[in-house]
Amino acid sequence: MTFGKWLAAACMVLPFGLGCATTAATDNELDRYHGQRLEWKSCDEQRLDEAGAQCADVTVPLDYTEPDGSTTTVAISRIAADPARQYGVMLSNPGGPGGSGLDFMVDVAAAMTPEVKASYDLIGMDPRGVGRSAPVRCDWPRGIGLQAAGPDAASFAESVAAQAELAVRCATAEGERLRHITTRNTARDMDVIRAVLGVERINYFGTSYGTYLGAVYTQLFPERVDRMVLDSAVDPERYGPVDMVRDMGPANEAALDLWADWTAGHDGDYHLGSSREEVRASVLELLRRSGEQPIRIGDFAVSAHELPLVLFTGLDDPRQYAMVAEQVAQLRDAADGLPVAITPELNEALAVMLSAEPEDSSAQMAIMCGDADAPRDPLWYWNNLERSRTTAPVFGSFTDNVTPCAFWAAPAEPRTVVDNSVPALIVQSTGDTRTTYANAEGMHRALSASRLVTLRDVPIHWIFGRYPNTCVDNAVNTYLRDGTLPESDITCAAD
């Protein structure tokens with residue numbers, strides 16, 4: 001189908017008007033959900049089973065304005081506390097949006113001291129529409145809803161048509177249910193889980209998008225928050241499919257420079273150049289070639305729509321620089337027509353981008369597009385893309401590109417404004433490529449009683465439980481043990 005026909009179909013299927021404000025159910029109206037009894041059983045997943053976790057399904061309203069209407073289920077896991085030492089329960093979210101979180105607390109628990117770990121029932125969760133929680137399925141022809149625009153107007157037009165198609169597929173496949181897959185509803189689900197678990201207040205650990213979810217919970221249920229850790233934070237004012245994504249462009253260009261310096265020092269291994277400038281030139285040349293003709297490697301054809309995402313996927317952790325260099329070298333060799341035995345890491349990354357099997361990531365777009373509106377005019381994106389070609393020559397075509405949200409139904413509820421004094425501990429690296437340091441500063445302002453722990457000069461996304469740092473780990477564990485925030489913000493150096 002041509003772009004014009006897809007756009008016409010989108011205009012018929014998707015209501016582009018203003019979203020309607022809704023009034024969620026009161027506690028009394030939710031009594032039947034709060035009083036449900038959970039059936040805990042084996043999670044039937046190796047990591048969780050080895051951690052001693054159990055899983056259960058929580059029934060929640062699909063639409064909180066109609067609590068007596070249709071329901072859906074949210075899958076949760078529990079790594080139980082030591083009954084003799086238990087302080088409370090800790091909910092969690094690993095980010096995405098759309099990330100499965102059932103086993104997330106296995107990783108987080110590894111960074112906790114034994115005393116802290118023993119103090120909490122650690123609750124993992126697949127948010128509504130994700131994983132085991134009645135997942136969104138949009139019948140997409142590819143794995144993810146984000147892609148780069150490519151080098152020119154023709155490739156941008158391809159991208160516009162492709163993104164419009166994804167939106168129409170979601171509207172067709174999911175129908176009315178789609179408007180209820182939102183962060184505000186997930187926060188409401190968390191409060192049902194709180195009540196079902198029999199506690200007055202929750203503790204919470206969230207990373208990336210999970211920090212936004214946690215902040216929305218503080219806004220909707222401020223009196224029900226105890227200890228909250230937000231690791232690698234999103235500025236609530238910039239959350240969504242536009243500003244938050246655009247912020248990643250300069251941050252990833254800076255990380256690419258650090259990677260290029262490292263790769264230049266290993267030119268004998270990868271032959272991508274002996275200086276930052278030469279390595280960058282090799283990347284840009286590879287981008288140019290992928291724009292002229294997709295690079296055949298393994299089972300995939302990698303075009304300029306996907307190549308920037310290969311780099312983006314690897315640059316969120318400096319320990320992956322060798323992996324990224326090897327992937328770029330493999331793509332170069334494949335472009336030269338040389339035989340390449342594709343690495344498992346590159347094969348997996350390309351499968352996520354280019355294959356909808358075993359599942360696509362349409363839940364990510366469902367949540368983002370359902371939370372915040374996006375500009376509708378493709379020309380708006382094109383103008384941003386043209387400006388970014390000099391400031392972000394590698395990543396601008398990705399971070400400034402149009403998304404399916406440009407063709408999505410308007411959000412069912414107004415955007416959540418986070419502005420409160422609920423205490424929280426925010427943890428952030430200055431070089432984060434996914435949620436930038438400026439985003440964490442925005443979260444710090446939005447939560448006026450928060451404290452900020454800064455890890456200097458490390459381009460890492462998600463610290464506690466992923467990137468060991470004595471200073472950060474001590475700050476988080478001390479807060480989770482005592483419930484007392486630091487007297488002032490803290491700055492940490494790399495170990």
# chains A, B, ... in the order shown; residues from 1 in each chain; ligands from 1

$ residues_around --residues "Gln293 of chain A" --least-positions-apart "3" --cutoff "9 Å" --atoms "only C-alpha atoms" --output "JSON, numbers by chain"
{"A": [288, 289, 290, 301, 302, 303, 304, 335]}

$ write_last_selection --atoms "C-alpha atoms" --output "PDB file, in the first residue's frame"
ATOM      1  CA  ARG A 288      26.583   6.097   3.223  1.00  0.00           C
ATOM      2  CA  ARG A 289      27.015   2.645   1.733  1.00  0.00           C
ATOM      3  CA  SER A 290      24.059   1.200   3.671  1.00  0.00           C
ATOM      4  CA  ALA A 301      19.792  -6.794   5.078  1.00  0.00           C
ATOM      5  CA  VAL A 302      20.959  -3.782   7.104  1.00  0.00           C
ATOM      6  CA  SER A 303      19.994  -0.429   5.624  1.00  0.00           C
ATOM      7  CA  ALA A 304      20.567   3.137   6.802  1.00  0.00           C
ATOM      8  CA  ALA A 335      29.637  -4.507   2.703  1.00  0.00           C
TER       9      ALA A 335
END

$ residues_around --residues "segment 255-264 of chain A" --least-positions-apart "4" --cutoff "8 Å" --atoms "only C-alpha atoms" --output "ChimeraX atom specification"
/A:251,270,272-280,315,318,321-322,325,431,433,459

$ closest_atom_pairs --of "segment 196-267 of chain A" --to "segment 138-159 of chain A" --cutoff "12 Å" --atoms "only C-alpha atoms" --output "CSV"
residue,atom,partner,partner_atom,distance
A:Pro241,CA,A:Leu146,CA,9.6
A:Val242,CA,A:Leu146,CA,11.4
A:Val245,CA,A:Leu146,CA,10.0
A:Gly249,CA,A:Ala148,CA,11.6

$ closest_atom_pairs --of "segment 356-396 of chain A" --to "segment 400-411 of chain A" --cutoff "7 Å" --atoms "only C-alpha atoms" --output "CSV"
residue,atom,partner,partner_atom,distance
A:Cys369,CA,A:Cys405,CA,5.0
A:Gly370,CA,A:Pro411,CA,4.8
A:Asp371,CA,A:Pro411,CA,5.8
A:Ala372,CA,A:Pro411,CA,6.2
A:Asp373,CA,A:Ala410,CA,6.1
A:Ala374,CA,A:Ala406,CA,5.3
A:Pro375,CA,A:Ala406,CA,5.8
A:Arg376,CA,A:Ala406,CA,4.7
A:Pro378,CA,A:Val402,CA,6.9
A:Tyr381,CA,A:Val402,CA,5.9
A:Asn384,CA,A:Asp400,CA,6.2
A:Leu385,CA,A:Asp400,CA,5.6
A:Gly396,CA,A:Asp400,CA,5.5

$ write_last_selection --atoms "C-alpha atoms" --output "tab-separated table (two decimals), in the first residue's frame"
chain	number	residue	atom	x	y	z
A	369	CYS	CA	2.02	7.15	22.12
A	370	GLY	CA	-0.75	6.59	24.65
A	371	ASP	CA	0.97	8.84	27.19
A	372	ALA	CA	2.00	11.85	25.13
A	373	ASP	CA	1.01	13.34	21.79
A	374	ALA	CA	3.46	13.93	18.94
A	375	PRO	CA	3.57	16.44	16.07
A	376	ARG	CA	1.57	15.19	13.09
A	378	PRO	CA	6.11	15.04	8.58
A	381	TYR	CA	10.46	16.09	11.48
A	384	ASN	CA	14.70	18.78	12.42
A	385	LEU	CA	16.49	16.04	10.51
A	396	GLY	CA	20.34	12.56	14.28

$ closest_atom_pairs --of "segment 63-169 of chain A" --to "segment 200-215 of chain A" --cutoff "8 Å" --atoms "only C-alpha atoms" --output "JSON lines"
{"residue": "A:Gly88", "atom": "CA", "partner": "A:Asn203", "partner_atom": "CA", "distance": 7.2}
{"residue": "A:Val89", "atom": "CA", "partner": "A:Ile202", "partner_atom": "CA", "distance": 6.0}
{"residue": "A:Met90", "atom": "CA", "partner": "A:Asn203", "partner_atom": "CA", "distance": 4.4}
{"residue": "A:Leu91", "atom": "CA", "partner": "A:Tyr204", "partner_atom": "CA", "distance": 4.8}
{"residue": "A:Ser92", "atom": "CA", "partner": "A:Phe205", "partner_atom": "CA", "distance": 4.8}
{"residue": "A:Asn93", "atom": "CA", "partner": "A:Gly210", "partner_atom": "CA", "distance": 4.8}
{"residue": "A:Pro94", "atom": "CA", "partner": "A:Thr207", "partner_atom": "CA", "distance": 5.2}
{"residue": "A:Gly95", "atom": "CA", "partner": "A:Tyr209", "partner_atom": "CA", "distance": 4.2}
{"residue": "A:Gly96", "atom": "CA", "partner": "A:Tyr209", "partner_atom": "CA", "distance": 5.7}
{"residue": "A:Pro97", "atom": "CA", "partner": "A:Tyr209", "partner_atom": "CA", "distance": 5.6}
